[in-house]
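The block underneath contains the structure these notes are about, expressed in C-alpha cells.
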Amino acid sequence: NTYRRAIVQNGHLFKDKIVMDVGCGTGILCMFASQAGAKHVYGVDCSGIIEQARVIVKTNGFEDKITLIKGKVEEINLPVDHVDIIISEWMGYALLYESMLDTVLYARDKWLVPDGLIYPNKSTMYITAIEDANYKDEKIHWWQDVYGFDMSCIGEIAVREPLVDTVDEKQVMCQPCKLLEIDICKVTKEELAFSVPFSITALRNDYLHAFVVYFDVLFSQTHKPIRFSTGPNAPYTHWRQTVFYLKDVLTMKQGERVDGTFYCSPNANNHRDLDIRFDYTFKGEHMSSQGDLEYRMR
C-alpha cells in the first residue's frame, strides 16, 4: 500500500515518463506506474513469475503500456537508452540479505537519466535489543540436555544463525540506535560492506538476550514524503525483524548502555548472503560482558 500511495498519488511525477521496475514479480508496481500516467513501463525479472505477470498485465489491459522482460538486469538489453524513474521492492531481511540493491544500482548507473527518480530512494537500518528468555531456553539451551545427552555443539551452531521473526514490542528493552542510512541515488556497491559503531541504552531493568535489526524505507522524491517501518512497533510486514542471540545474558539496569561495532558485508561465495559481526562491550552494576559474535545469513 505504501508503494501504491507513493506512485499513484504522484501522477504529476510519472506523467509521460519512462519507468523501469527492477525485479517486477507479478507486475503490480508496473501497473501502479501505468495508472499514474507513465508513458511506458519496462518490468524486468529473471524468475518464472514473469510468465504469470504477462497474463496479469494483459488481463488488466496494460499490454500496450507495459513491456515485461525475462532475464537478469545485468544481462538484458532495454528497448530504450534511458529511463526517467526506477521502481523496485529490492529490500531483503535485515535490509540487505538477499536484497536486489546492487542490481538497482547497476540499473541506476546504466539507464537512469541525470536527476532521475528512484522509488524508494532512502532506507535506514536500526539496532535495538530484546528480552527473550523463553525462546532461547527452548531453542538453544535445550541442546545442552537432550534426554540426558549433551548436544550443546548444535546449540552453538543455532545461536550463530539469525532468526527472522515478529518481535513483540513489549520485549524491546533498549532504545533503538541508527546503524546506517542509505541514499540509493548516491550509494555505491562498495559501500554496502561497512562497519559502524552503535550504542543502545536500557529502557528499564531487564535482561538482554538478543540484538534486533530492522529498517525503515523512505520515498522522499514525492510531493509529500512517504515512509514505512519494519520495526517491532510498526504494523506487520513480511520482512519482520532479524534477531541475533547472544551467548551471554546481560543483566541491565535502566540507563545502562551496551557499546559496540556492527560489521556487515556480502559473503565472498554468495553476494546475496550476509556475513554479520557484533563486537560489543557492557559494563553494568551487576555484571560486565564483552563479545565478538559472528553470524551468517544464508
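Letters A, B, ... go to the chains of the C-alpha cells in the order shown; residues in each chain start at 1; ligands are counted from 1 in the same order.
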Any idea what's packed within 10 Å of region 22-29 of chain A, counting only C-alpha atoms, ignoring anything in its chain fewer than 2 positions away? Could you give it as JSON, numbers by chain? {"A": [3, 4, 7, 8, 19, 20, 31, 32, 33, 34, 35, 41, 42, 43, 44, 45, 46, 47, 48, 49, 50, 51, 52, 53, 54, 55, 56, 57, 66, 67, 68, 69, 70, 71, 72, 73, 86, 87, 88, 89, 90, 100, 101, 103, 104, 107]}
Report as an mmCIF file with all heavy atoms, in the first residue's frame: the residues of region 9-253 of chain A with a DSSP assignment of alpha helix (DSSP H), based on the backbone of this structure.
data_model
loop_
_atom_site.group_PDB
_atom_site.id
_atom_site.type_symbol
_atom_site.label_atom_id
_atom_site.label_comp_id
_atom_site.auth_asym_id
_atom_site.auth_seq_id
_atom_site.Cartn_x
_atom_site.Cartn_y
_atom_site.Cartn_z
ATOM 1 N N GLY A 11 1.054 11.305 -9.612
ATOM 2 C CA GLY A 11 0.890 11.206 -11.054
ATOM 3 C C GLY A 11 1.603 12.314 -11.812
ATOM 4 O O GLY A 11 2.061 12.099 -12.944
ATOM 5 N N HIS A 12 1.741 13.492 -11.182
ATOM 6 C CA HIS A 12 2.437 14.593 -11.857
ATOM 7 C C HIS A 12 3.908 14.284 -12.088
ATOM 8 O O HIS A 12 4.540 14.862 -12.972
ATOM 9 C CB HIS A 12 2.294 15.884 -11.038
ATOM 10 C CG HIS A 12 2.876 15.812 -9.666
ATOM 11 N ND1 HIS A 12 2.329 15.034 -8.662
ATOM 12 C CD2 HIS A 12 3.966 16.419 -9.125
ATOM 13 C CE1 HIS A 12 3.046 15.168 -7.555
ATOM 14 N NE2 HIS A 12 4.046 15.996 -7.811
ATOM 15 N N LEU A 13 4.480 13.355 -11.290
ATOM 16 C CA LEU A 13 5.877 12.957 -11.463
ATOM 17 C C LEU A 13 6.028 11.814 -12.467
ATOM 18 O O LEU A 13 7.084 11.663 -13.084
ATOM 19 C CB LEU A 13 6.474 12.545 -10.116
ATOM 20 C CG LEU A 13 6.501 13.627 -9.033
ATOM 21 C CD1 LEU A 13 7.014 13.053 -7.715
ATOM 22 C CD2 LEU A 13 7.362 14.812 -9.467
ATOM 23 N N PHE A 14 4.975 11.017 -12.618
ATOM 24 C CA PHE A 14 5.018 9.856 -13.516
ATOM 25 C C PHE A 14 4.471 10.152 -14.914
ATOM 26 O O PHE A 14 4.740 9.389 -15.846
ATOM 27 C CB PHE A 14 4.239 8.688 -12.900
ATOM 28 C CG PHE A 14 5.016 7.934 -11.862
ATOM 29 C CD1 PHE A 14 5.134 8.425 -10.568
ATOM 30 C CD2 PHE A 14 5.652 6.739 -12.164
ATOM 31 C CE1 PHE A 14 5.851 7.740 -9.603
ATOM 32 C CE2 PHE A 14 6.370 6.041 -11.206
ATOM 33 C CZ PHE A 14 6.475 6.552 -9.921
ATOM 34 N N ILE A 28 2.805 -5.765 -10.316
ATOM 35 C CA ILE A 28 1.872 -4.827 -9.685
ATOM 36 C C ILE A 28 2.422 -3.405 -9.635
ATOM 37 O O ILE A 28 1.686 -2.438 -9.855
ATOM 38 C CB ILE A 28 1.448 -5.319 -8.283
ATOM 39 C CG1 ILE A 28 0.285 -4.461 -7.770
ATOM 40 C CG2 ILE A 28 2.628 -5.318 -7.316
ATOM 41 C CD1 ILE A 28 -0.405 -5.049 -6.562
ATOM 42 N N LEU A 29 3.727 -3.241 -9.393
ATOM 43 C CA LEU A 29 4.285 -1.892 -9.387
ATOM 44 C C LEU A 29 4.278 -1.299 -10.792
ATOM 45 O O LEU A 29 4.089 -0.092 -10.961
ATOM 46 C CB LEU A 29 5.711 -1.895 -8.821
ATOM 47 C CG LEU A 29 5.895 -2.378 -7.382
ATOM 48 C CD1 LEU A 29 7.338 -2.146 -6.929
ATOM 49 C CD2 LEU A 29 4.923 -1.703 -6.432
ATOM 50 N N CYS A 30 4.483 -2.149 -11.789
ATOM 51 C CA CYS A 30 4.380 -1.678 -13.183
ATOM 52 C C CYS A 30 2.986 -1.113 -13.449
ATOM 53 O O CYS A 30 2.840 -0.054 -14.086
ATOM 54 C CB CYS A 30 4.650 -2.823 -14.154
ATOM 55 S SG CYS A 30 6.306 -3.526 -14.106
ATOM 56 N N MET A 31 1.966 -1.808 -12.979
ATOM 57 C CA MET A 31 0.593 -1.353 -13.216
ATOM 58 C C MET A 31 0.288 -0.087 -12.440
ATOM 59 O O MET A 31 -0.422 0.799 -12.935
ATOM 60 C CB MET A 31 -0.390 -2.479 -12.892
ATOM 61 C CG MET A 31 -0.294 -3.649 -13.871
ATOM 62 S SD MET A 31 -1.579 -4.920 -13.668
ATOM 63 C CE MET A 31 -1.070 -5.663 -12.105
ATOM 64 N N PHE A 32 0.814 0.034 -11.217
ATOM 65 C CA PHE A 32 0.662 1.296 -10.481
ATOM 66 C C PHE A 32 1.268 2.451 -11.281
ATOM 67 O O PHE A 32 0.669 3.525 -11.393
ATOM 68 C CB PHE A 32 1.352 1.217 -9.126
ATOM 69 C CG PHE A 32 0.675 0.339 -8.109
ATOM 70 C CD1 PHE A 32 1.393 -0.172 -7.029
ATOM 71 C CD2 PHE A 32 -0.674 0.021 -8.210
ATOM 72 C CE1 PHE A 32 0.788 -0.968 -6.077
ATOM 73 C CE2 PHE A 32 -1.298 -0.789 -7.260
ATOM 74 C CZ PHE A 32 -0.557 -1.287 -6.191
ATOM 75 N N ALA A 33 2.477 2.239 -11.821
ATOM 76 C CA ALA A 33 3.154 3.295 -12.578
ATOM 77 C C ALA A 33 2.364 3.666 -13.827
ATOM 78 O O ALA A 33 2.254 4.849 -14.184
ATOM 79 C CB ALA A 33 4.568 2.844 -12.946
ATOM 80 N N SER A 34 1.802 2.670 -14.490
ATOM 81 C CA SER A 34 0.992 2.944 -15.675
ATOM 82 C C SER A 34 -0.274 3.700 -15.295
ATOM 83 O O SER A 34 -0.677 4.649 -15.974
ATOM 84 C CB SER A 34 0.652 1.636 -16.386
ATOM 85 O OG SER A 34 0.094 1.878 -17.650
ATOM 86 N N GLN A 35 -0.906 3.306 -14.185
ATOM 87 C CA GLN A 35 -2.071 4.029 -13.686
ATOM 88 C C GLN A 35 -1.743 5.490 -13.407
ATOM 89 O O GLN A 35 -2.574 6.377 -13.601
ATOM 90 C CB GLN A 35 -2.583 3.381 -12.390
ATOM 91 C CG GLN A 35 -3.513 2.215 -12.568
ATOM 92 C CD GLN A 35 -4.071 1.753 -11.233
ATOM 93 O OE1 GLN A 35 -3.445 1.910 -10.187
ATOM 94 N NE2 GLN A 35 -5.267 1.178 -11.261
ATOM 95 N N ILE A 49 8.030 -16.206 -12.415
ATOM 96 C CA ILE A 49 6.819 -15.452 -12.101
ATOM 97 C C ILE A 49 6.459 -14.480 -13.217
ATOM 98 O O ILE A 49 5.305 -14.079 -13.354
ATOM 99 C CB ILE A 49 7.001 -14.693 -10.763
ATOM 100 C CG1 ILE A 49 5.669 -14.090 -10.271
ATOM 101 C CG2 ILE A 49 8.041 -13.586 -10.901
ATOM 102 C CD1 ILE A 49 4.645 -15.106 -9.876
ATOM 103 N N ILE A 50 7.440 -14.130 -14.035
ATOM 104 C CA ILE A 50 7.172 -13.146 -15.084
ATOM 105 C C ILE A 50 6.167 -13.684 -16.105
ATOM 106 O O ILE A 50 5.470 -12.899 -16.768
ATOM 107 C CB ILE A 50 8.486 -12.692 -15.764
ATOM 108 C CG1 ILE A 50 8.283 -11.312 -16.424
ATOM 109 C CG2 ILE A 50 8.974 -13.715 -16.782
ATOM 110 C CD1 ILE A 50 9.563 -10.589 -16.748
ATOM 111 N N GLU A 51 6.075 -15.003 -16.239
ATOM 112 C CA GLU A 51 5.072 -15.562 -17.155
ATOM 113 C C GLU A 51 3.666 -15.269 -16.632
ATOM 114 O O GLU A 51 2.761 -14.925 -17.412
ATOM 115 C CB GLU A 51 5.282 -17.068 -17.317
ATOM 116 C CG GLU A 51 6.672 -17.457 -17.800
ATOM 117 C CD GLU A 51 7.044 -16.804 -19.126
ATOM 118 O OE1 GLU A 51 6.129 -16.503 -19.928
ATOM 119 O OE2 GLU A 51 8.253 -16.588 -19.365
ATOM 120 N N GLN A 52 3.464 -15.383 -15.329
ATOM 121 C CA GLN A 52 2.173 -15.025 -14.747
ATOM 122 C C GLN A 52 1.951 -13.519 -14.820
ATOM 123 O O GLN A 52 0.828 -13.043 -15.026
ATOM 124 C CB GLN A 52 2.086 -15.493 -13.286
ATOM 125 C CG GLN A 52 1.835 -16.993 -13.118
ATOM 126 C CD GLN A 52 3.041 -17.827 -13.529
ATOM 127 O OE1 GLN A 52 4.166 -17.528 -13.130
ATOM 128 N NE2 GLN A 52 2.810 -18.855 -14.330
ATOM 129 N N ALA A 53 3.044 -12.753 -14.662
ATOM 130 C CA ALA A 53 2.930 -11.297 -14.750
ATOM 131 C C ALA A 53 2.421 -10.876 -16.122
ATOM 132 O O ALA A 53 1.612 -9.937 -16.233
ATOM 133 C CB ALA A 53 4.282 -10.651 -14.454
ATOM 134 N N ARG A 54 2.873 -11.548 -17.168
ATOM 135 C CA ARG A 54 2.407 -11.216 -18.528
ATOM 136 C C ARG A 54 0.896 -11.425 -18.644
ATOM 137 O O ARG A 54 0.182 -10.620 -19.269
ATOM 138 C CB ARG A 54 3.149 -12.064 -19.551
ATOM 139 C CG ARG A 54 4.618 -11.675 -19.723
ATOM 140 C CD ARG A 54 5.233 -12.336 -20.958
ATOM 141 N NE ARG A 54 6.579 -11.843 -21.174
ATOM 142 C CZ ARG A 54 7.691 -12.555 -20.961
ATOM 143 N NH1 ARG A 54 7.592 -13.815 -20.536
ATOM 144 N NH2 ARG A 54 8.885 -12.028 -21.186
ATOM 145 N N VAL A 55 0.419 -12.511 -18.059
ATOM 146 C CA VAL A 55 -1.028 -12.776 -18.083
ATOM 147 C C VAL A 55 -1.765 -11.697 -17.294
ATOM 148 O O VAL A 55 -2.807 -11.182 -17.742
ATOM 149 C CB VAL A 55 -1.325 -14.178 -17.502
ATOM 150 C CG1 VAL A 55 -2.832 -14.407 -17.414
ATOM 151 C CG2 VAL A 55 -0.664 -15.254 -18.343
ATOM 152 N N ILE A 56 -1.236 -11.346 -16.130
ATOM 153 C CA ILE A 56 -1.876 -10.332 -15.283
ATOM 154 C C ILE A 56 -1.939 -8.986 -16.000
ATOM 155 O O ILE A 56 -2.966 -8.300 -15.999
ATOM 156 C CB ILE A 56 -1.117 -10.201 -13.948
ATOM 157 C CG1 ILE A 56 -1.283 -11.477 -13.116
ATOM 158 C CG2 ILE A 56 -1.589 -8.984 -13.155
ATOM 159 C CD1 ILE A 56 -0.353 -11.568 -11.914
ATOM 160 N N VAL A 57 -0.818 -8.594 -16.617
ATOM 161 C CA VAL A 57 -0.767 -7.315 -17.329
ATOM 162 C C VAL A 57 -1.791 -7.301 -18.472
ATOM 163 O O VAL A 57 -2.523 -6.308 -18.668
ATOM 164 C CB VAL A 57 0.666 -7.057 -17.844
ATOM 165 C CG1 VAL A 57 0.671 -5.953 -18.898
ATOM 166 C CG2 VAL A 57 1.581 -6.687 -16.682
ATOM 167 N N LYS A 58 -1.864 -8.379 -19.229
ATOM 168 C CA LYS A 58 -2.813 -8.450 -20.345
ATOM 169 C C LYS A 58 -4.250 -8.465 -19.846
ATOM 170 O O LYS A 58 -5.131 -7.770 -20.402
ATOM 171 C CB LYS A 58 -2.526 -9.684 -21.197
ATOM 172 C CG LYS A 58 -3.402 -9.766 -22.449
ATOM 173 C CD LYS A 58 -2.986 -10.934 -23.330
ATOM 174 C CE LYS A 58 -3.840 -10.968 -24.604
ATOM 175 N NZ LYS A 58 -3.450 -12.084 -25.498
ATOM 176 N N THR A 59 -4.516 -9.245 -18.808
ATOM 177 C CA THR A 59 -5.866 -9.341 -18.259
ATOM 178 C C THR A 59 -6.381 -7.982 -17.806
ATOM 179 O O THR A 59 -7.581 -7.684 -17.924
ATOM 180 C CB THR A 59 -5.880 -10.326 -17.072
ATOM 181 O OG1 THR A 59 -5.472 -11.613 -17.525
ATOM 182 C CG2 THR A 59 -7.263 -10.417 -16.443
ATOM 183 N N LEU A 101 19.604 -4.695 -4.091
ATOM 184 C CA LEU A 101 20.080 -3.322 -4.162
ATOM 185 C C LEU A 101 21.222 -3.166 -5.157
ATOM 186 O O LEU A 101 21.272 -2.189 -5.907
ATOM 187 C CB LEU A 101 20.512 -2.831 -2.776
ATOM 188 C CG LEU A 101 21.011 -1.387 -2.716
ATOM 189 C CD1 LEU A 101 20.010 -0.431 -3.338
ATOM 190 C CD2 LEU A 101 21.325 -0.987 -1.283
ATOM 191 N N ASP A 102 22.151 -4.113 -5.184
ATOM 192 C CA ASP A 102 23.253 -3.977 -6.139
ATOM 193 C C ASP A 102 22.739 -3.991 -7.583
ATOM 194 O O ASP A 102 23.294 -3.327 -8.462
ATOM 195 C CB ASP A 102 24.316 -5.058 -5.916
ATOM 196 C CG ASP A 102 23.770 -6.467 -5.954
ATOM 197 O OD1 ASP A 102 22.537 -6.623 -5.825
ATOM 198 O OD2 ASP A 102 24.556 -7.411 -6.102
ATOM 199 N N THR A 103 21.642 -4.726 -7.833
ATOM 200 C CA THR A 103 21.038 -4.737 -9.163
ATOM 201 C C THR A 103 20.374 -3.396 -9.476
ATOM 202 O O THR A 103 20.460 -2.891 -10.604
ATOM 203 C CB THR A 103 20.005 -5.875 -9.264
ATOM 204 O OG1 THR A 103 20.668 -7.121 -9.014
ATOM 205 C CG2 THR A 103 19.365 -5.926 -10.636
ATOM 206 N N VAL A 104 19.723 -2.807 -8.469
ATOM 207 C CA VAL A 104 19.140 -1.471 -8.650
ATOM 208 C C VAL A 104 20.238 -0.455 -8.964
ATOM 209 O O VAL A 104 20.072 0.413 -9.837
ATOM 210 C CB VAL A 104 18.349 -1.055 -7.393
ATOM 211 C CG1 VAL A 104 17.900 0.408 -7.493
ATOM 212 C CG2 VAL A 104 17.140 -1.961 -7.196
ATOM 213 N N LEU A 105 21.368 -0.572 -8.288
ATOM 214 C CA LEU A 105 22.466 0.359 -8.528
ATOM 215 C C LEU A 105 23.025 0.193 -9.947
ATOM 216 O O LEU A 105 23.391 1.179 -10.598
ATOM 217 C CB LEU A 105 23.573 0.151 -7.500
ATOM 218 C CG LEU A 105 23.176 0.345 -6.029
ATOM 219 C CD1 LEU A 105 24.402 0.247 -5.128
ATOM 220 C CD2 LEU A 105 22.440 1.654 -5.808
ATOM 221 N N TYR A 106 23.075 -1.054 -10.417
ATOM 222 C CA TYR A 106 23.520 -1.297 -11.794
ATOM 223 C C TYR A 106 22.568 -0.607 -12.778
ATOM 224 O O TYR A 106 23.009 0.075 -13.716
ATOM 225 C CB TYR A 106 23.579 -2.802 -12.065
ATOM 226 C CG TYR A 106 24.009 -3.154 -13.469
ATOM 227 C CD1 TYR A 106 25.351 -3.383 -13.768
ATOM 228 C CD2 TYR A 106 23.083 -3.258 -14.503
ATOM 229 C CE1 TYR A 106 25.754 -3.700 -15.069
ATOM 230 C CE2 TYR A 106 23.466 -3.574 -15.792
ATOM 231 C CZ TYR A 106 24.802 -3.797 -16.073
ATOM 232 O OH TYR A 106 25.191 -4.102 -17.358
ATOM 233 N N ALA A 107 21.266 -0.789 -12.558
ATOM 234 C CA ALA A 107 20.280 -0.163 -13.439
ATOM 235 C C ALA A 107 20.367 1.359 -13.361
ATOM 236 O O ALA A 107 20.259 2.053 -14.386
ATOM 237 C CB ALA A 107 18.880 -0.634 -13.061
ATOM 238 N N ARG A 108 20.559 1.867 -12.160
ATOM 239 C CA ARG A 108 20.704 3.317 -11.982
ATOM 240 C C ARG A 108 21.862 3.857 -12.811
ATOM 241 O O ARG A 108 21.718 4.847 -13.534
ATOM 242 C CB ARG A 108 20.929 3.623 -10.497
ATOM 243 C CG ARG A 108 21.187 5.081 -10.160
ATOM 244 C CD ARG A 108 21.841 5.209 -8.797
ATOM 245 N NE ARG A 108 23.219 4.696 -8.805
ATOM 246 C CZ ARG A 108 23.977 4.602 -7.701
ATOM 247 N NH1 ARG A 108 23.496 4.957 -6.519
ATOM 248 N NH2 ARG A 108 25.208 4.124 -7.800
ATOM 249 N N ASP A 109 23.008 3.202 -12.692
ATOM 250 C CA ASP A 109 24.207 3.704 -13.363
ATOM 251 C C ASP A 109 24.138 3.547 -14.880
ATOM 252 O O ASP A 109 24.731 4.335 -15.619
ATOM 253 C CB ASP A 109 25.448 2.988 -12.817
ATOM 254 C CG ASP A 109 25.694 3.299 -11.349
ATOM 255 O OD1 ASP A 109 25.153 4.306 -10.853
ATOM 256 O OD2 ASP A 109 26.423 2.530 -10.696
ATOM 257 N N LYS A 110 23.388 2.554 -15.351
ATOM 258 C CA LYS A 110 23.347 2.296 -16.795
ATOM 259 C C LYS A 110 22.238 3.059 -17.509
ATOM 260 O O LYS A 110 22.437 3.538 -18.638
ATOM 261 C CB LYS A 110 23.191 0.798 -17.052
ATOM 262 C CG LYS A 110 23.235 0.442 -18.536
ATOM 263 C CD LYS A 110 23.361 -1.061 -18.763
ATOM 264 C CE LYS A 110 23.490 -1.375 -20.246
ATOM 265 N NZ LYS A 110 23.657 -2.827 -20.507
ATOM 266 N N TRP A 111 21.069 3.191 -16.874
ATOM 267 C CA TRP A 111 19.915 3.701 -17.611
ATOM 268 C C TRP A 111 19.266 4.972 -17.048
ATOM 269 O O TRP A 111 18.586 5.678 -17.792
ATOM 270 C CB TRP A 111 18.832 2.619 -17.690
ATOM 271 C CG TRP A 111 19.156 1.502 -18.613
ATOM 272 C CD1 TRP A 111 19.303 1.559 -19.972
ATOM 273 C CD2 TRP A 111 19.376 0.128 -18.257
ATOM 274 N NE1 TRP A 111 19.592 0.321 -20.486
ATOM 275 C CE2 TRP A 111 19.640 -0.588 -19.451
ATOM 276 C CE3 TRP A 111 19.359 -0.569 -17.052
ATOM 277 C CZ2 TRP A 111 19.895 -1.956 -19.471
ATOM 278 C CZ3 TRP A 111 19.609 -1.923 -17.055
ATOM 279 C CH2 TRP A 111 19.879 -2.609 -18.259
ATOM 280 N N ALA A 133 13.917 -14.785 27.015
ATOM 281 C CA ALA A 133 14.410 -15.972 27.728
ATOM 282 C C ALA A 133 13.713 -17.241 27.260
ATOM 283 O O ALA A 133 14.350 -18.297 27.114
ATOM 284 C CB ALA A 133 14.221 -15.785 29.232
ATOM 285 N N ASN A 134 12.400 -17.175 27.014
ATOM 286 C CA ASN A 134 11.657 -18.390 26.675
ATOM 287 C C ASN A 134 12.173 -19.031 25.395
ATOM 288 O O ASN A 134 12.416 -20.244 25.348
ATOM 289 C CB ASN A 134 10.168 -18.075 26.534
ATOM 290 C CG ASN A 134 9.515 -17.766 27.863
ATOM 291 O OD1 ASN A 134 10.044 -18.123 28.921
ATOM 292 N ND2 ASN A 134 8.389 -17.075 27.830
ATOM 293 N N TYR A 135 12.344 -18.226 24.341
ATOM 294 C CA TYR A 135 12.807 -18.790 23.075
ATOM 295 C C TYR A 135 14.222 -19.334 23.213
ATOM 296 O O TYR A 135 14.535 -20.425 22.729
ATOM 297 C CB TYR A 135 12.764 -17.746 21.964
ATOM 298 C CG TYR A 135 13.207 -18.305 20.627
ATOM 299 C CD1 TYR A 135 12.281 -18.855 19.749
ATOM 300 C CD2 TYR A 135 14.554 -18.327 20.248
ATOM 301 C CE1 TYR A 135 12.669 -19.398 18.535
ATOM 302 C CE2 TYR A 135 14.952 -18.869 19.041
ATOM 303 C CZ TYR A 135 14.013 -19.394 18.195
ATOM 304 O OH TYR A 135 14.410 -19.935 16.996
ATOM 305 N N LYS A 136 15.084 -18.569 23.879
ATOM 306 C CA LYS A 136 16.479 -19.008 23.991
ATOM 307 C C LYS A 136 16.568 -20.319 24.777
ATOM 308 O O LYS A 136 17.345 -21.209 24.430
ATOM 309 C CB LYS A 136 17.320 -17.922 24.658
ATOM 310 C CG LYS A 136 18.816 -18.169 24.527
ATOM 311 C CD LYS A 136 19.629 -16.971 24.973
ATOM 312 C CE LYS A 136 21.125 -17.246 24.757
ATOM 313 N NZ LYS A 136 21.953 -16.105 25.212
ATOM 314 N N ASP A 137 15.754 -20.460 25.808
ATOM 315 C CA ASP A 137 15.753 -21.711 26.573
ATOM 316 C C ASP A 137 15.238 -22.873 25.744
ATOM 317 O O ASP A 137 15.793 -23.974 25.769
ATOM 318 C CB ASP A 137 14.890 -21.552 27.837
ATOM 319 C CG ASP A 137 15.561 -20.707 28.901
ATOM 320 O OD1 ASP A 137 16.794 -20.521 28.819
ATOM 321 O OD2 ASP A 137 14.860 -20.211 29.792
ATOM 322 N N GLU A 138 14.171 -22.637 24.977
ATOM 323 C CA GLU A 138 13.531 -23.716 24.229
ATOM 324 C C GLU A 138 14.341 -24.141 23.005
ATOM 325 O O GLU A 138 14.418 -25.328 22.682
ATOM 326 C CB GLU A 138 12.136 -23.274 23.776
ATOM 327 C CG GLU A 138 11.145 -23.127 24.920
ATOM 328 C CD GLU A 138 9.814 -22.589 24.440
ATOM 329 O OE1 GLU A 138 9.639 -22.462 23.205
ATOM 330 O OE2 GLU A 138 8.963 -22.285 25.285
ATOM 331 N N LYS A 139 14.934 -23.175 22.296
ATOM 332 C CA LYS A 139 15.557 -23.474 21.012
ATOM 333 C C LYS A 139 17.075 -23.605 21.059
ATOM 334 O O LYS A 139 17.663 -24.225 20.166
ATOM 335 C CB LYS A 139 15.181 -22.384 19.995
ATOM 336 C CG LYS A 139 13.690 -22.205 19.807
ATOM 337 C CD LYS A 139 13.026 -23.466 19.267
ATOM 338 C CE LYS A 139 11.538 -23.222 19.023
ATOM 339 N NZ LYS A 139 10.843 -24.429 18.520
ATOM 340 N N SER A 152 25.248 -29.889 22.984
ATOM 341 C CA SER A 152 25.441 -28.435 23.011
ATOM 342 C C SER A 152 26.165 -27.905 21.774
ATOM 343 O O SER A 152 26.072 -26.714 21.474
ATOM 344 C CB SER A 152 26.202 -28.027 24.277
ATOM 345 O OG SER A 152 27.422 -28.738 24.383
ATOM 346 N N CYS A 153 26.879 -28.767 21.066
ATOM 347 C CA CYS A 153 27.556 -28.303 19.841
ATOM 348 C C CYS A 153 26.546 -27.791 18.811
ATOM 349 O O CYS A 153 26.833 -26.874 18.037
ATOM 350 C CB CYS A 153 28.405 -29.417 19.247
ATOM 351 S SG CYS A 153 27.484 -30.903 18.777
ATOM 352 N N ILE A 154 25.333 -28.400 18.797
ATOM 353 C CA ILE A 154 24.294 -27.926 17.888
ATOM 354 C C ILE A 154 23.749 -26.589 18.357
ATOM 355 O O ILE A 154 23.455 -25.700 17.555
ATOM 356 C CB ILE A 154 23.170 -28.975 17.748
ATOM 357 C CG1 ILE A 154 23.737 -30.251 17.129
ATOM 358 C CG2 ILE A 154 22.015 -28.420 16.913
ATOM 359 C CD1 ILE A 154 22.731 -31.359 16.974
ATOM 360 N N GLY A 155 23.635 -26.425 19.664
ATOM 361 C CA GLY A 155 23.203 -25.146 20.206
ATOM 362 C C GLY A 155 24.159 -24.031 19.842
ATOM 363 O O GLY A 155 23.745 -22.894 19.584
ATOM 364 N N GLU A 156 25.457 -24.347 19.787
ATOM 365 C CA GLU A 156 26.447 -23.341 19.401
ATOM 366 C C GLU A 156 26.265 -22.914 17.949
ATOM 367 O O GLU A 156 26.514 -21.762 17.584
ATOM 368 C CB GLU A 156 27.853 -23.897 19.621
ATOM 369 C CG GLU A 156 28.197 -24.113 21.097
ATOM 370 C CD GLU A 156 29.513 -24.827 21.285
ATOM 371 O OE1 GLU A 156 30.188 -25.102 20.275
ATOM 372 O OE2 GLU A 156 29.863 -25.129 22.442
ATOM 373 N N ILE A 157 25.808 -23.860 17.105
ATOM 374 C CA ILE A 157 25.512 -23.519 15.710
ATOM 375 C C ILE A 157 24.230 -22.692 15.642
ATOM 376 O O ILE A 157 24.148 -21.684 14.927
ATOM 377 C CB ILE A 157 25.378 -24.797 14.863
ATOM 378 C CG1 ILE A 157 26.709 -25.538 14.807
ATOM 379 C CG2 ILE A 157 24.882 -24.460 13.454
ATOM 380 C CD1 ILE A 157 26.625 -26.904 14.164
ATOM 381 N N ALA A 158 23.218 -23.115 16.404
ATOM 382 C CA ALA A 158 21.919 -22.441 16.366
ATOM 383 C C ALA A 158 22.020 -20.979 16.780
ATOM 384 O O ALA A 158 21.356 -20.113 16.206
ATOM 385 C CB ALA A 158 20.930 -23.174 17.268
#
Checklist line | Of the listed residues A:Lys189, A:Lys170, A:Lys122, A:His82, that which approaches Pro225 (chain A) most closely, counting only C-alpha atoms | finding: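 Nearest candidate to Pro225 (chain A) out of A:Lys189, A:Lys170, A:Lys122, A:His82: A:Lys122.
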Note to self: Give me, as a PyMOL selection string, all polymer residues having an atom no more than 8 Å from region 241-258 of chain A, counting only C-alpha atoms and skipping those fewer than 4 positions away in the same chain.
What the structure shows: chain A and resi 93-94+136+159-167+199-214+230-232+280-289+293+295
Output C-alpha atoms for every residue in that selection, as a short mmCIF file (atom, residue, chain, number, x, y, z; two decimals), in the first residue's frame.
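Saved file out-v3.cif follows:
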data_model
loop_
_atom_site.label_atom_id
_atom_site.label_comp_id
_atom_site.auth_asym_id
_atom_site.auth_seq_id
_atom_site.Cartn_x
_atom_site.Cartn_y
_atom_site.Cartn_z
CA TYR A 93 15.64 -9.38 5.58
CA ALA A 94 17.75 -7.07 7.76
CA LYS A 136 16.48 -19.01 23.99
CA VAL A 159 22.96 -19.31 18.27
CA ARG A 160 25.01 -18.17 15.25
CA GLU A 161 22.02 -18.37 12.90
CA PRO A 162 19.92 -15.19 12.89
CA LEU A 163 16.19 -15.65 13.33
CA VAL A 164 13.71 -13.76 11.14
CA ASP A 165 10.58 -13.40 13.23
CA THR A 166 7.99 -10.97 14.55
CA VAL A 167 9.22 -9.37 17.77
CA SER A 199 25.24 2.37 21.47
CA ILE A 200 21.95 1.15 22.94
CA THR A 201 20.58 2.15 26.34
CA ALA A 202 18.30 0.08 28.58
CA LEU A 203 14.78 1.48 28.92
CA ARG A 204 14.13 -0.47 32.14
CA ASN A 205 15.69 -3.05 34.44
CA ASP A 206 15.71 -6.21 32.33
CA TYR A 207 17.77 -8.96 30.70
CA LEU A 208 19.24 -8.61 27.22
CA HIS A 209 19.14 -11.88 25.26
CA ALA A 210 19.40 -10.70 21.67
CA PHE A 211 20.10 -7.81 19.36
CA VAL A 212 17.40 -6.98 16.82
CA VAL A 213 17.94 -5.34 13.42
CA TYR A 214 15.18 -3.75 11.34
CA THR A 230 9.65 -2.83 9.70
CA GLY A 231 10.30 -2.16 13.39
CA PRO A 232 8.69 -4.00 16.32
CA TYR A 280 30.28 -5.29 21.96
CA THR A 281 31.21 -4.24 25.49
CA PHE A 282 28.93 -3.90 28.52
CA LYS A 283 29.88 -2.70 32.00
CA GLY A 284 26.94 -2.58 34.40
CA GLU A 285 26.34 -2.54 38.11
CA HIS A 286 25.53 -6.25 38.29
CA MET A 287 27.84 -7.65 35.63
CA SER A 288 30.25 -6.95 32.79
CA SER A 289 30.49 -8.69 29.43
CA LEU A 293 29.91 -12.60 17.74
CA TYR A 295 26.66 -14.70 12.20
#
